[in-house]
Structure formats: C-alpha cells, structure tokens
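What follows is the content of query04.csv (CSV, C-alpha atoms and all ligand atoms).
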chain,number,residue,atom,x,y,z
A,27,MET,CA,0.0,0.0,0.0
A,28,SER,CA,1.3,3.4,-0.8
A,29,ALA,CA,1.9,6.3,1.6
A,30,ALA,CA,3.3,9.8,1.4
A,31,PRO,CA,7.1,9.6,1.4
A,32,HIS,CA,8.7,10.5,4.7
A,33,ILE,CA,10.2,14.0,4.6
A,34,PRO,CA,13.4,14.1,6.6
A,35,VAL,CA,13.2,16.6,9.5
A,36,LEU,CA,15.9,19.1,10.4
A,37,ILE,CA,18.2,17.4,7.8
A,38,ASP,CA,20.5,20.4,7.2
A,39,GLU,CA,20.9,21.0,10.9
A,40,VAL,CA,21.7,17.3,11.5
A,41,LEU,CA,24.3,17.4,8.8
A,42,ASP,CA,25.9,20.5,10.3
A,43,ALA,CA,26.1,18.8,13.7
A,44,LEU,CA,27.6,15.7,12.1
A,45,ALA,CA,30.3,17.6,10.2
A,46,ILE,CA,31.1,14.5,8.1
A,47,VAL,CA,34.6,14.0,6.8
A,48,PRO,CA,34.5,11.8,3.7
A,49,GLY,CA,35.5,8.2,4.5
A,50,GLU,CA,34.2,8.3,8.1
A,51,THR,CA,31.8,5.6,9.4
A,52,HIS,CA,28.5,6.9,10.6
A,53,VAL,CA,25.5,5.1,12.2
A,54,ASP,CA,21.9,6.1,11.3
A,55,GLY,CA,20.0,4.3,14.0
A,56,THR,CA,16.6,5.0,12.5
A,57,PHE,CA,16.7,4.4,8.7
A,58,GLY,CA,12.9,5.0,8.0
A,59,ALA,CA,12.7,6.0,4.4
A,60,GLY,CA,16.5,6.5,4.3
A,61,GLY,CA,16.5,10.3,4.0
A,62,TYR,CA,19.2,10.9,6.6
A,63,SER,CA,21.2,7.9,5.5
A,64,ARG,CA,21.3,9.0,1.8
A,65,ALA,CA,22.3,12.5,2.8
A,66,MET,CA,25.1,11.2,4.9
A,67,ALA,CA,26.3,8.9,2.1
A,68,ALA,CA,26.2,11.8,-0.3
A,69,ARG,CA,28.6,13.7,2.0
A,70,GLY,CA,31.0,10.8,1.7
A,71,ALA,CA,30.3,8.8,4.8
A,72,ARG,CA,30.3,5.1,5.0
A,73,VAL,CA,26.8,4.6,6.5
A,74,ILE,CA,25.6,1.7,8.7
A,75,ALA,CA,21.8,2.0,9.1
A,76,PHE,CA,19.4,0.2,11.5
A,77,ASP,CA,15.6,0.0,11.6
A,78,ARG,CA,13.5,-2.4,13.7
A,79,ASP,CA,10.6,-2.3,11.1
A,80,PRO,CA,10.8,-5.1,8.6
A,81,ASP,CA,8.8,-3.0,6.1
A,82,ALA,CA,11.4,-0.2,6.3
A,83,ILE,CA,14.2,-2.8,5.6
A,84,ARG,CA,12.4,-4.5,2.7
A,85,GLU,CA,11.4,-1.2,1.1
A,86,GLY,CA,14.7,0.5,1.6
A,87,ARG,CA,17.0,-2.4,0.6
A,88,ASP,CA,17.5,-1.4,-3.1
A,89,ALA,CA,18.0,2.3,-2.5
A,90,ALA,CA,20.4,1.5,0.3
A,91,GLU,CA,22.4,-0.8,-1.9
A,92,ASP,CA,22.6,1.8,-4.6
A,93,ALA,CA,23.9,4.4,-2.2
A,94,GLY,CA,26.4,2.0,-0.6
A,95,ILE,CA,24.5,2.0,2.7
A,96,MET,CA,24.7,-1.1,4.9
A,97,LEU,CA,21.1,-1.7,6.2
A,98,ILE,CA,20.5,-3.9,9.2
A,99,GLU,CA,17.2,-4.9,10.8
A,100,GLY,CA,17.3,-4.4,14.5
A,101,GLU,CA,16.9,-2.0,17.4
A,102,PHE,CA,19.4,0.8,17.8
A,103,SER,CA,19.8,-0.1,21.5
A,104,ARG,CA,21.7,-3.1,20.2
A,105,MET,CA,24.0,-1.2,17.9
A,106,GLU,CA,27.2,-2.1,19.8
A,107,ALA,CA,26.6,-5.8,19.3
A,108,LEU,CA,25.3,-5.4,15.7
A,109,LEU,CA,28.2,-3.3,14.7
A,110,ALA,CA,30.6,-5.8,16.3
A,111,GLU,CA,29.0,-8.5,14.2
A,112,ALA,CA,29.8,-6.4,11.1
A,113,GLY,CA,33.4,-6.1,12.4
A,114,ILE,CA,33.1,-2.4,13.5
A,115,SER,CA,34.2,-1.3,17.0
A,116,SER,CA,33.9,2.5,16.8
A,117,VAL,CA,32.3,5.1,14.6
A,118,SER,CA,32.6,8.8,14.0
A,119,GLY,CA,28.9,9.7,14.3
A,120,VAL,CA,25.6,8.3,15.6
A,121,THR,CA,22.2,9.8,14.6
A,122,LEU,CA,18.8,8.9,15.9
A,123,ASP,CA,15.6,10.4,14.5
A,124,ILE,CA,13.2,9.0,17.1
A,125,GLY,CA,9.5,8.1,16.6
A,126,VAL,CA,7.4,6.9,13.8
A,127,SER,CA,7.8,7.4,10.0
A,128,SER,CA,5.1,8.9,7.7
A,129,MET,CA,4.8,5.4,6.2
A,130,GLN,CA,4.0,3.9,9.6
A,131,LEU,CA,1.6,6.6,10.5
A,132,ASP,CA,-0.2,6.8,7.1
A,133,ARG,CA,-0.8,3.1,6.6
A,134,ALA,CA,-4.0,2.2,8.4
A,135,GLY,CA,-2.9,-1.5,8.5
A,136,ARG,CA,-0.1,-0.6,11.0
A,137,GLY,CA,-2.6,0.6,13.5
A,138,PHE,CA,-0.7,3.8,14.6
A,139,SER,CA,-3.3,6.3,13.5
A,140,PHE,CA,-6.6,7.3,15.1
A,141,GLN,CA,-7.6,9.2,11.9
A,142,SER,CA,-8.1,6.1,9.8
A,143,ASP,CA,-9.5,2.7,11.0
A,144,GLY,CA,-7.2,-0.3,11.2
A,145,PRO,CA,-6.2,-3.1,13.4
A,146,LEU,CA,-5.0,-2.0,16.9
A,147,ASP,CA,-1.4,-3.0,16.3
A,148,MET,CA,1.2,-0.2,16.6
A,149,ARG,CA,4.3,-2.5,16.7
A,150,MET,CA,7.2,-1.1,14.8
A,151,SER,CA,9.0,-4.4,14.7
A,152,GLN,CA,5.7,-6.3,13.9
A,153,SER,CA,6.4,-8.8,16.7
A,154,GLY,CA,5.6,-9.0,20.4
A,155,GLN,CA,2.6,-7.6,22.2
A,156,SER,CA,0.3,-5.5,20.1
A,157,ALA,CA,-1.7,-2.6,21.3
A,158,ALA,CA,-4.8,-4.8,21.3
A,159,ASP,CA,-3.1,-7.4,23.4
A,160,PHE,CA,-2.1,-4.8,25.9
A,161,LEU,CA,-5.5,-3.0,26.1
A,162,ASN,CA,-7.4,-6.3,26.3
A,163,GLU,CA,-5.3,-7.9,28.9
A,164,ALA,CA,-3.8,-5.3,31.2
A,165,ALA,CA,-5.3,-4.2,34.5
A,166,GLU,CA,-7.2,-0.9,34.5
A,167,GLU,CA,-4.6,0.7,36.8
A,168,GLU,CA,-1.7,-0.3,34.5
A,169,ILE,CA,-3.5,1.2,31.5
A,170,ALA,CA,-4.2,4.4,33.5
A,171,ASP,CA,-0.5,4.6,34.4
A,172,VAL,CA,0.6,4.2,30.8
A,173,LEU,CA,-1.8,6.9,29.7
A,174,TYR,CA,-0.7,9.2,32.5
A,175,HIS,CA,3.1,8.8,32.1
A,176,TYR,CA,3.5,8.4,28.4
A,177,GLY,CA,0.6,10.4,27.1
A,178,GLU,CA,0.5,13.0,29.9
A,179,GLU,CA,-3.3,12.4,29.9
A,180,PRO,CA,-4.7,14.3,32.9
A,181,ARG,CA,-7.9,12.1,32.9
A,182,SER,CA,-6.1,8.8,32.5
A,183,ARG,CA,-8.3,6.9,35.0
A,184,ARG,CA,-11.5,7.9,33.3
A,185,VAL,CA,-10.1,6.8,29.9
A,186,ALA,CA,-8.7,3.6,31.3
A,187,ARG,CA,-12.1,2.7,32.9
A,188,ALA,CA,-13.9,3.4,29.6
A,189,ILE,CA,-11.4,1.1,27.7
A,190,VAL,CA,-11.9,-1.7,30.2
A,191,GLN,CA,-15.7,-1.4,29.9
A,192,ALA,CA,-15.5,-1.5,26.1
A,193,ARG,CA,-13.2,-4.6,25.9
A,194,PRO,CA,-12.4,-6.5,23.7
A,195,LEU,CA,-11.1,-3.8,21.4
A,196,SER,CA,-9.6,-4.7,18.0
A,197,ARG,CA,-9.7,-1.6,15.8
A,198,THR,CA,-8.1,1.9,16.1
A,199,GLY,CA,-11.5,3.4,15.2
A,200,GLU,CA,-13.1,1.7,18.2
A,201,LEU,CA,-10.4,2.9,20.6
A,202,ALA,CA,-10.6,6.5,19.2
A,203,ALA,CA,-14.4,6.5,19.7
A,204,VAL,CA,-14.1,5.2,23.3
A,205,VAL,CA,-11.6,7.9,24.2
A,206,ARG,CA,-13.6,10.7,22.6
A,207,ARG,CA,-16.8,9.6,24.3
A,208,ALA,CA,-15.0,9.3,27.7
A,209,LEU,CA,-13.5,12.8,27.3
A,210,GLY,CA,-16.4,14.6,25.7
A,211,TYR,CA,-14.8,15.4,22.3
A,212,LYS,CA,-16.6,17.8,20.0
A,213,PRO,CA,-15.7,17.7,16.3
A,214,HIS,CA,-14.7,21.4,16.3
A,215,ASP,CA,-12.3,21.0,19.3
A,216,LYS,CA,-8.7,21.9,18.3
A,217,LYS,CA,-7.0,18.8,19.4
A,218,ASP,CA,-8.5,15.3,19.3
A,219,PRO,CA,-8.2,13.9,22.8
A,220,ALA,CA,-7.4,10.5,21.3
A,221,THR,CA,-3.9,11.9,20.4
A,222,ARG,CA,-2.6,11.5,23.9
A,223,THR,CA,-3.9,8.0,24.3
A,224,PHE,CA,-2.5,6.8,21.0
A,225,GLN,CA,0.9,8.3,21.7
A,226,ALA,CA,1.0,6.6,25.2
A,227,ILE,CA,0.1,3.2,23.9
A,228,ARG,CA,2.5,3.4,21.0
A,229,ILE,CA,5.4,4.4,23.4
A,230,HIS,CA,4.4,1.5,25.8
A,231,VAL,CA,4.0,-1.2,23.1
A,232,ASN,CA,7.4,-0.3,21.6
A,233,GLY,CA,9.2,0.4,24.8
A,234,GLU,CA,10.3,3.6,23.2
A,235,LEU,CA,11.7,5.5,26.2
A,236,ASP,CA,13.7,2.5,27.4
A,237,GLU,CA,15.0,2.1,23.8
A,238,LEU,CA,16.1,5.7,23.8
A,239,GLU,CA,17.9,5.5,27.1
A,240,ARG,CA,19.7,2.3,26.0
A,241,GLY,CA,20.4,3.8,22.6
A,242,LEU,CA,22.1,6.8,24.1
A,243,ALA,CA,24.3,4.6,26.3
A,244,ALA,CA,25.1,2.4,23.2
A,245,ALA,CA,26.1,5.5,21.2
A,246,GLU,CA,28.4,6.6,23.9
A,247,ALA,CA,30.0,3.2,23.8
A,248,VAL,CA,30.6,3.1,20.1
A,249,LEU,CA,31.6,6.8,19.4
A,250,GLU,CA,35.3,7.4,19.0
A,251,PRO,CA,36.9,10.5,20.6
A,252,GLY,CA,35.7,13.5,18.7
A,253,GLY,CA,32.7,11.5,17.4
A,254,ARG,CA,29.4,13.3,17.0
A,255,LEU,CA,26.0,12.4,18.4
A,256,ALA,CA,22.8,13.9,16.9
A,257,ILE,CA,19.3,13.1,18.3
A,258,VAL,CA,16.0,14.4,16.9
A,259,THR,CA,13.0,13.9,19.2
A,260,PHE,CA,9.3,14.7,18.8
A,261,HIS,CA,7.9,15.2,22.2
A,262,SER,CA,8.9,16.5,25.6
A,263,LEU,CA,9.3,13.1,27.3
A,264,GLU,CA,11.9,12.0,24.8
A,265,ASP,CA,13.6,15.4,24.7
A,266,ARG,CA,13.9,15.4,28.5
A,267,ILE,CA,15.7,12.1,28.4
A,268,VAL,CA,18.2,13.3,25.8
A,269,LYS,CA,18.7,16.7,27.5
A,270,GLN,CA,19.4,15.0,30.9
A,271,PHE,CA,21.7,12.4,29.4
A,272,LEU,CA,23.8,15.0,27.7
A,273,ARG,CA,23.9,17.2,30.8
A,274,ARG,CA,25.0,14.3,33.0
A,275,ARG,CA,27.5,13.0,30.6
A,276,SER,CA,29.0,16.4,29.9
A,277,GLY,CA,29.1,17.4,33.6
A,278,THR,CA,27.0,20.5,32.9
A,279,GLU,CA,24.0,19.5,35.0
A,280,GLY,CA,24.5,22.3,37.5
A,281,GLY,CA,25.8,22.3,41.0
A,282,GLY,CA,24.1,20.5,43.8
A,283,SER,CA,22.4,22.3,46.7
A,284,ARG,CA,24.6,23.9,49.3
A,285,HIS,CA,22.3,22.4,51.9
A,286,LEU,CA,23.1,18.9,50.9
A,287,PRO,CA,26.4,16.9,51.3
A,288,ALA,CA,28.7,17.3,48.4
A,289,ARG,CA,28.1,14.7,45.7
A,290,ALA,CA,30.8,12.1,45.0
A,291,VAL,CA,33.2,13.2,42.2
A,292,SER,CA,31.6,11.7,39.1
A,293,ALA,CA,33.4,10.0,36.2
A,294,ALA,CA,35.1,12.1,33.6
A,295,PRO,CA,32.7,13.7,31.1
A,296,THR,CA,32.1,11.5,28.0
A,297,PHE,CA,30.7,14.4,26.0
A,298,ASP,CA,31.7,18.1,25.6
A,299,LYS,CA,29.1,20.7,26.5
A,300,PRO,CA,26.1,20.0,24.2
A,301,ALA,CA,25.2,22.5,21.4
A,302,LYS,CA,22.1,24.6,21.9
A,303,ALA,CA,18.8,22.7,21.1
A,304,VAL,CA,17.7,23.4,17.5
A,305,ARG,CA,14.1,23.6,16.3
A,306,PRO,CA,12.7,23.8,12.8
A,307,GLY,CA,12.4,27.3,11.2
A,308,ALA,CA,9.3,28.8,9.5
A,309,ALA,CA,10.3,27.6,6.1
A,310,GLU,CA,10.6,24.0,7.2
A,311,LEU,CA,7.3,24.1,9.1
A,312,ALA,CA,5.6,25.5,6.0
A,313,ARG,CA,7.0,22.6,3.9
A,314,ASN,CA,6.5,19.9,6.5
A,315,PRO,CA,3.9,20.4,9.3
A,316,ARG,CA,5.0,17.1,10.9
A,317,ALA,CA,8.3,18.8,11.9
A,318,ARG,CA,6.3,20.9,14.3
A,319,SER,CA,7.5,19.5,17.6
A,320,ALA,CA,11.0,18.3,16.5
A,321,THR,CA,14.1,19.1,18.6
A,322,LEU,CA,17.7,18.4,17.7
A,323,ARG,CA,20.3,18.0,20.4
A,324,SER,CA,23.9,17.2,19.6
A,325,ALA,CA,27.3,16.9,21.3
A,326,VAL,CA,30.8,15.8,20.6
A,327,ARG,CA,32.3,12.7,22.3
A,328,THR,CA,35.4,13.2,24.6
A,329,ALA,CA,38.1,10.6,25.0
A,330,ALA,CA,36.9,9.5,28.4
A,331,PRO,CA,35.8,5.8,28.8
A,332,ALA,CA,32.1,5.2,28.4
A,333,GLN,CA,30.2,5.2,31.7
A,334,ASN,CA,27.8,2.4,32.5
A,335,ALA,CA,24.2,2.9,33.4
A,336,GLN,CA,24.8,2.7,37.2
A,337,GLN,CA,27.6,5.3,37.2
A,338,GLY,CA,25.9,7.7,34.8
A,339,GLY,CA,22.4,7.1,36.0
A,340,ILE,CA,20.6,7.5,32.7
A,341,SER,CA,17.3,6.4,34.2
A,342,ALA,CA,15.6,8.7,36.6
B,401,LIG,C1,11.1,9.2,12.1
B,401,LIG,S1,11.5,7.7,11.3
B,401,LIG,C2,13.1,8.0,10.6
B,401,LIG,C3,13.1,8.7,9.3
B,401,LIG,C4,14.5,8.9,8.6
B,401,LIG,N1,15.3,9.8,9.4
B,401,LIG,C5,14.3,9.4,7.2
B,401,LIG,O1,14.9,10.4,6.9
B,401,LIG,O2,13.6,8.7,6.4
B,401,LIG,C6,11.9,6.6,12.6
B,401,LIG,C7,12.2,5.2,12.1
B,401,LIG,O3,13.0,4.6,13.2
B,401,LIG,C8,12.5,3.3,13.4
B,401,LIG,N2,12.8,3.1,14.8
B,401,LIG,C9,12.1,3.6,15.9
B,401,LIG,N3,12.6,3.1,17.0
B,401,LIG,C10,13.6,2.3,16.7
B,401,LIG,C11,14.6,1.5,17.4
B,401,LIG,N4,14.5,1.5,18.8
B,401,LIG,N5,15.5,0.8,16.8
B,401,LIG,C12,15.5,0.8,15.4
B,401,LIG,N6,14.7,1.5,14.7
B,401,LIG,C13,13.7,2.3,15.3
B,401,LIG,C14,11.1,3.3,13.0
B,401,LIG,O4,10.7,2.0,12.6
B,401,LIG,C15,11.1,4.3,11.9
B,401,LIG,O5,11.2,3.6,10.6
Translate this file's structure into structure tokens.
Amino acid sequence: MSAAPHIPVLIDEVLDALAIVPGETHVDGTFGAGGYSRAMAARGARVIAFDRDPDAIREGRDAAEDAGIMLIEGEFSRMEALLAEAGISSVSGVTLDIGVSSMQLDRAGRGFSFQSDGPLDMRMSQSGQSAADFLNEAAEEEIADVLYHYGEEPRSRRVARAIVQARPLSRTGELAAVVRRALGYKPHDKKDPATRTFQAIRIHVNGELDELERGLAAAEAVLEPGGRLAIVTFHSLEDRIVKQFLRRRSGTEGGGSRHLPARAVSAAPTFDKPAKAVRPGAAELARNPRARSATLRSAVRTAAPAQNAQQGGISA
C-alpha cells in the first residue's frame, strides 16, 4: 500500500552537527525512508543504518544498496553488538531520528493512526505484544499509568475505565471512539483527545523511552573520541531524556544544593558541552507540518571511557 514519502526533518541541521569528513563511518539508528542515510552517504560517509521495522528494511534495501549503505534490521539499542558482528568497533557519528515514520503513520494497517481505521497493532517491529493485546489484557490501573506517564493524559483513570468497559477492542477506530466519548470530544475541538492515548500506547508497546535511554548509552560506547551524536525527538518526554543524558555526561547539569552533602566526584565527562537545542524554522514548518514538535540535540564525544548505566544514572 502506498503512503506519502517521509520528509526528513531538520536534515540540514543534523548534517551541520555531524560535520562529516569523507571516509568516516556513521550510524543512522533510524533508517525509516532513508532520507538521513542517503544525505550522509552523499557527503562521503560510510553509513551503517538500522531499523526495527521489517517493512522499512524491505522497502529500503534497493535504494540503500545503490547508495552503498549497509542496512541492518534491529533496534538501535543493540548497535554495539550489531556493529561488532559487522566487524566495526567504533564510529565517527551516531544519529537517531526518534519516533514513527510517515509510512508507519499513514498506513491504516499498521494501527498507529486514530484518523483512519485499522487493526490495533502499533508494533514497529511487527512482533511481540500488540496494542490490542495490551489493552485487552492489562489491569485498568496499568492502562491508566501508561496513559498518564507516556501520554500525559490528565484524565487517565477515566479513559482507562472506559477502555476496560469496552473490551475487547480490536480496531483503532473503536479505541478512538471510546476515548472521545470518555472525554467529551466535539468535532470542532482543536486537538483530538485520542492523540494522547494513541501516543501513550505506542510508546508503551514499543518500549520507546527505554530504547532511547539504552540507545544513548550504546552510542556513547561506540563513538570514537571527537565523534558526533545527533538526536532528533518529537515530544517532551523524549527530549527530556536526551537533555538530561547530555547534561550528566558532559558534567553540565549544574551544582548540587549547598544544603546537601557534596556529591561524590563523578566520572570524567564523556561528551563536551552540548550544542544549543535546534528547532525547525518557519520555512521547514511550511514545507512539513509534521516537523512541528521536533528538537535536535547534539554533542561531541570526549576521549573518556564510556560510563555504564549505574555510574551515569541514565534512568531517573
Ligand atoms: C522518524 S523515522 C526516521 C526517518 C528517517 N530519518 C528518514 O529520513 O527517512 C523513525 C524510524 O525509526 C525506526 N525506529 C524507531 N525506534 C527504533 C529503534 N529503537 N530501533 C531501530 N529503529 C527504530 C522506526 O521503525 C522508523 O522507521
């Protein structure tokens, strides 16, 4: 089934942050439609790209081959092991463009969209627990927690109760109708209240925040001294994870309170002070409204050894 091609977001800004020198090896952890990968290859990089979606791999294979891109199916959180299998121990750049592609969103059959009816699936990797499995099996309280934490849904309990009462659910259209009824949606309301519920369930089903935290640690492990990290996120939950990771790892998180005991001396910074966050300009937004909430953060790797999760505390 066809879908609008994915328009790469903040591509010029990402390329600026990567400052590719021809011949360098770069990782694109989120291949999607290959927009970033092809732009990196055009600048002379040897590109190793990952995607966890079998459709992205199948549909991207020929174009990747033509551009000399090595395309690998798998999660970017596993990049260290997957690169090792390809005989690569360090790289000059790692880029992640977090979230769903236009192809995933626009194909009703993937179940990501509340705007068209399809099976309640939402799995990027097309394996494991689907959205329907989760919603039909989980306790009401667990559903409410997911909606609250990942969708920032203020009336999460009410929505969760309505979902449990309407079970079993199998279609995105059914779920959207349940949420709208529970929250009193009127067609002229600016934002569809189902937006928050769909985002929350997608993040949960794909373990997206955990993937991001592990992906950042993996990038730290594979980047050579002077290597560049560029991360594009699409909502505040993800951006907070990236911002906090870079602050901790660059030692720029600010001093502790003078009322508290001095903190133990932390490990040497693994990244230089991050660049200022970059957001799309008016011209890009006019061209591509989906870029609306994008934020790019980038930083350069120091020569300090990678910290592990305990030392650096990438989770809260
Ligand atoms: C926003 S799109 C990337 C678009 C790409 N930059 C382009 O220019 O075409 C995100 C892609 O990353 C993939 N993805 C998301 N999380 C992933 C993960 N943890 N590991 C590997 N791929 C992931 C999705 O399947 C999707 O294809």
Find the smallest box with edges along x, y and z containing every listed atom of ligand LIG 401 (chain B), then add 3 Å on each side and report centre and edge lengths in Å to one decimal, as AutoDock Vina command-line options.
--center_x 13.1 --center_y 5.6 --center_z 12.6 --size_x 10.8 --size_y 15.6 --size_z 18.4
- Query: Would you name the residues within 6 Å of ligand LIG 401 (chain B), counting all atoms listed in the file, and put them as a ChimeraX atom specification?
  - Reply: /A:32,34,55-62,76-79,82,100-102,123-127,150,237
With C-alpha atoms retained, write the just-selected residues as a tab-separated table (two decimals), keeping the file's coordinate frame.
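Writing the result to out-v1.tsv gives the following:
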chain	number	residue	atom	x	y	z
A	32	HIS	CA	8.70	10.50	4.70
A	34	PRO	CA	13.40	14.10	6.60
A	55	GLY	CA	20.00	4.30	14.00
A	56	THR	CA	16.60	5.00	12.50
A	57	PHE	CA	16.70	4.40	8.70
A	58	GLY	CA	12.90	5.00	8.00
A	59	ALA	CA	12.70	6.00	4.40
A	60	GLY	CA	16.50	6.50	4.30
A	61	GLY	CA	16.50	10.30	4.00
A	62	TYR	CA	19.20	10.90	6.60
A	76	PHE	CA	19.40	0.20	11.50
A	77	ASP	CA	15.60	0.00	11.60
A	78	ARG	CA	13.50	-2.40	13.70
A	79	ASP	CA	10.60	-2.30	11.10
A	82	ALA	CA	11.40	-0.20	6.30
A	100	GLY	CA	17.30	-4.40	14.50
A	101	GLU	CA	16.90	-2.00	17.40
A	102	PHE	CA	19.40	0.80	17.80
A	123	ASP	CA	15.60	10.40	14.50
A	124	ILE	CA	13.20	9.00	17.10
A	125	GLY	CA	9.50	8.10	16.60
A	126	VAL	CA	7.40	6.90	13.80
A	127	SER	CA	7.80	7.40	10.00
A	150	MET	CA	7.20	-1.10	14.80
A	237	GLU	CA	15.00	2.10	23.80
- Compare A:Val117, A:Ala93, A:Ala203, A:Leu242 by their minimum atom-to-atom distance to Asp218 (chain A), counting all atoms listed in the file, and give me the closest one. A:Ala203
- Query: For Ala45 (chain A), which of A:Ala71, A:Ile227, A:Leu195, A:Val185 is the closest residue, counting only C-alpha atoms?
  - Reply: A:Ala71
- Go through A:Ala244, A:Ile33, A:Ala186, A:Arg133 and flag the residue nearest Leu108 (chain A), using only C-alpha atoms for the distances. A:Ala244
- Item | Nearest residue to Val172 (chain A) from the set A:Leu131, A:Val231, A:Leu146, A:Met66 (distances using only C-alpha atoms) | A:Val231
- Task: Skip Glu234 (chain A) itself and residues of its chain fewer than 4 positions away, then list as JSON, numbers by chain all residues within 10 Å of it, counting only C-alpha atoms.
- Result: {"A": [124, 125, 176, 226, 228, 229, 230, 238, 239, 240, 264]}
How about saving the chosen residues, C-alpha atoms kept, as a compact mmCIF listing (two decimals), in the coordinates of the input?
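part-v4.txt was written with the following content:
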# COMPACT_ATOMS: atom_id res chain seq x y z
CA ILE A 124 13.20 9.00 17.10
CA GLY A 125 9.50 8.10 16.60
CA TYR A 176 3.50 8.40 28.40
CA ALA A 226 1.00 6.60 25.20
CA ARG A 228 2.50 3.40 21.00
CA ILE A 229 5.40 4.40 23.40
CA HIS A 230 4.40 1.50 25.80
CA LEU A 238 16.10 5.70 23.80
CA GLU A 239 17.90 5.50 27.10
CA ARG A 240 19.70 2.30 26.00
CA GLU A 264 11.90 12.00 24.80
- Item | Exercise: Gly199 (chain A) partners within 9 Å, only C-alpha atoms, chain neighbours under 6 positions left out, as a ChimeraX atom specification | /A:139-146
Put those residues in a file: C-alpha atoms, as an mmCIF file, in the frame of the given file.
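Once everything was written out, this is again-v8.cif:
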data_model
loop_
_atom_site.group_PDB
_atom_site.id
_atom_site.type_symbol
_atom_site.label_atom_id
_atom_site.label_comp_id
_atom_site.auth_asym_id
_atom_site.auth_seq_id
_atom_site.Cartn_x
_atom_site.Cartn_y
_atom_site.Cartn_z
ATOM 1 C CA SER A 139 -3.300 6.300 13.500
ATOM 2 C CA PHE A 140 -6.600 7.300 15.100
ATOM 3 C CA GLN A 141 -7.600 9.200 11.900
ATOM 4 C CA SER A 142 -8.100 6.100 9.800
ATOM 5 C CA ASP A 143 -9.500 2.700 11.000
ATOM 6 C CA GLY A 144 -7.200 -0.300 11.200
ATOM 7 C CA PRO A 145 -6.200 -3.100 13.400
ATOM 8 C CA LEU A 146 -5.000 -2.000 16.900
#
- Name all residues at most 9 Å from Thr328 (chain A) (count only C-alpha atoms; drop same-chain ones fewer than 4 positions away) and give them as a list of chain:residue names. A:Glu250, A:Pro251, A:Gly252, A:Gly253, A:Ser276, A:Pro295, A:Thr296, A:Phe297, A:Asp298
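Closest to Val190 (chain A) among A:Asn162, A:Asn232, A:Gln333, A:Ser128 is A:Asn162, based on all atoms listed in the file.
The space separating CA of Pro331 (chain A) from CA of Leu249 (chain A) comes to 10.3 Å.
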- Message: Show me, as a PyMOL selection string, the residues that have an atom within 10 Å of region 266-269 of chain A when counting only C-alpha atoms, minus same-chain residues fewer than 2 positions from it.
- Response: chain A and resi 235-236+238-239+242+257-259+261-264+271-274+279+300+303+322-324+340-342
- Hey, what's within 12 Å of His52 (chain A) if we count all atoms listed in the file and toss same-chain stuff fewer than 4 positions away? As an MDAnalysis selection string, please? chainID A and resid 41 44:48 62:67 69:76 95:96 105 109 114:122 245 248:250 253:256
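Pairwise distance (CA of Arg197 (chain A), CA of Arg136 (chain A)) equals 10.8 Å.
Taking CA of Ser156 (chain A) and CA of Gln130 (chain A) as the two end points, the separation is 14.6 Å.
For the choices A:Lys216, A:Arg207, A:Gly154, A:Pro31, the atom-to-atom distance to Asp132 (chain A) is smallest for A:Pro31 when using only C-alpha atoms.
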- Message: Here's a test: counting all atoms listed in the file, identify every protein, DNA and RNA residue with an atom at most 9 Å from (-10.1, 8.6, 25.7) in the file's coordinate frame, and state them as number ranges by chain.
- Response: A: 179, 181-182, 184-186, 188-189, 201-211, 219-223
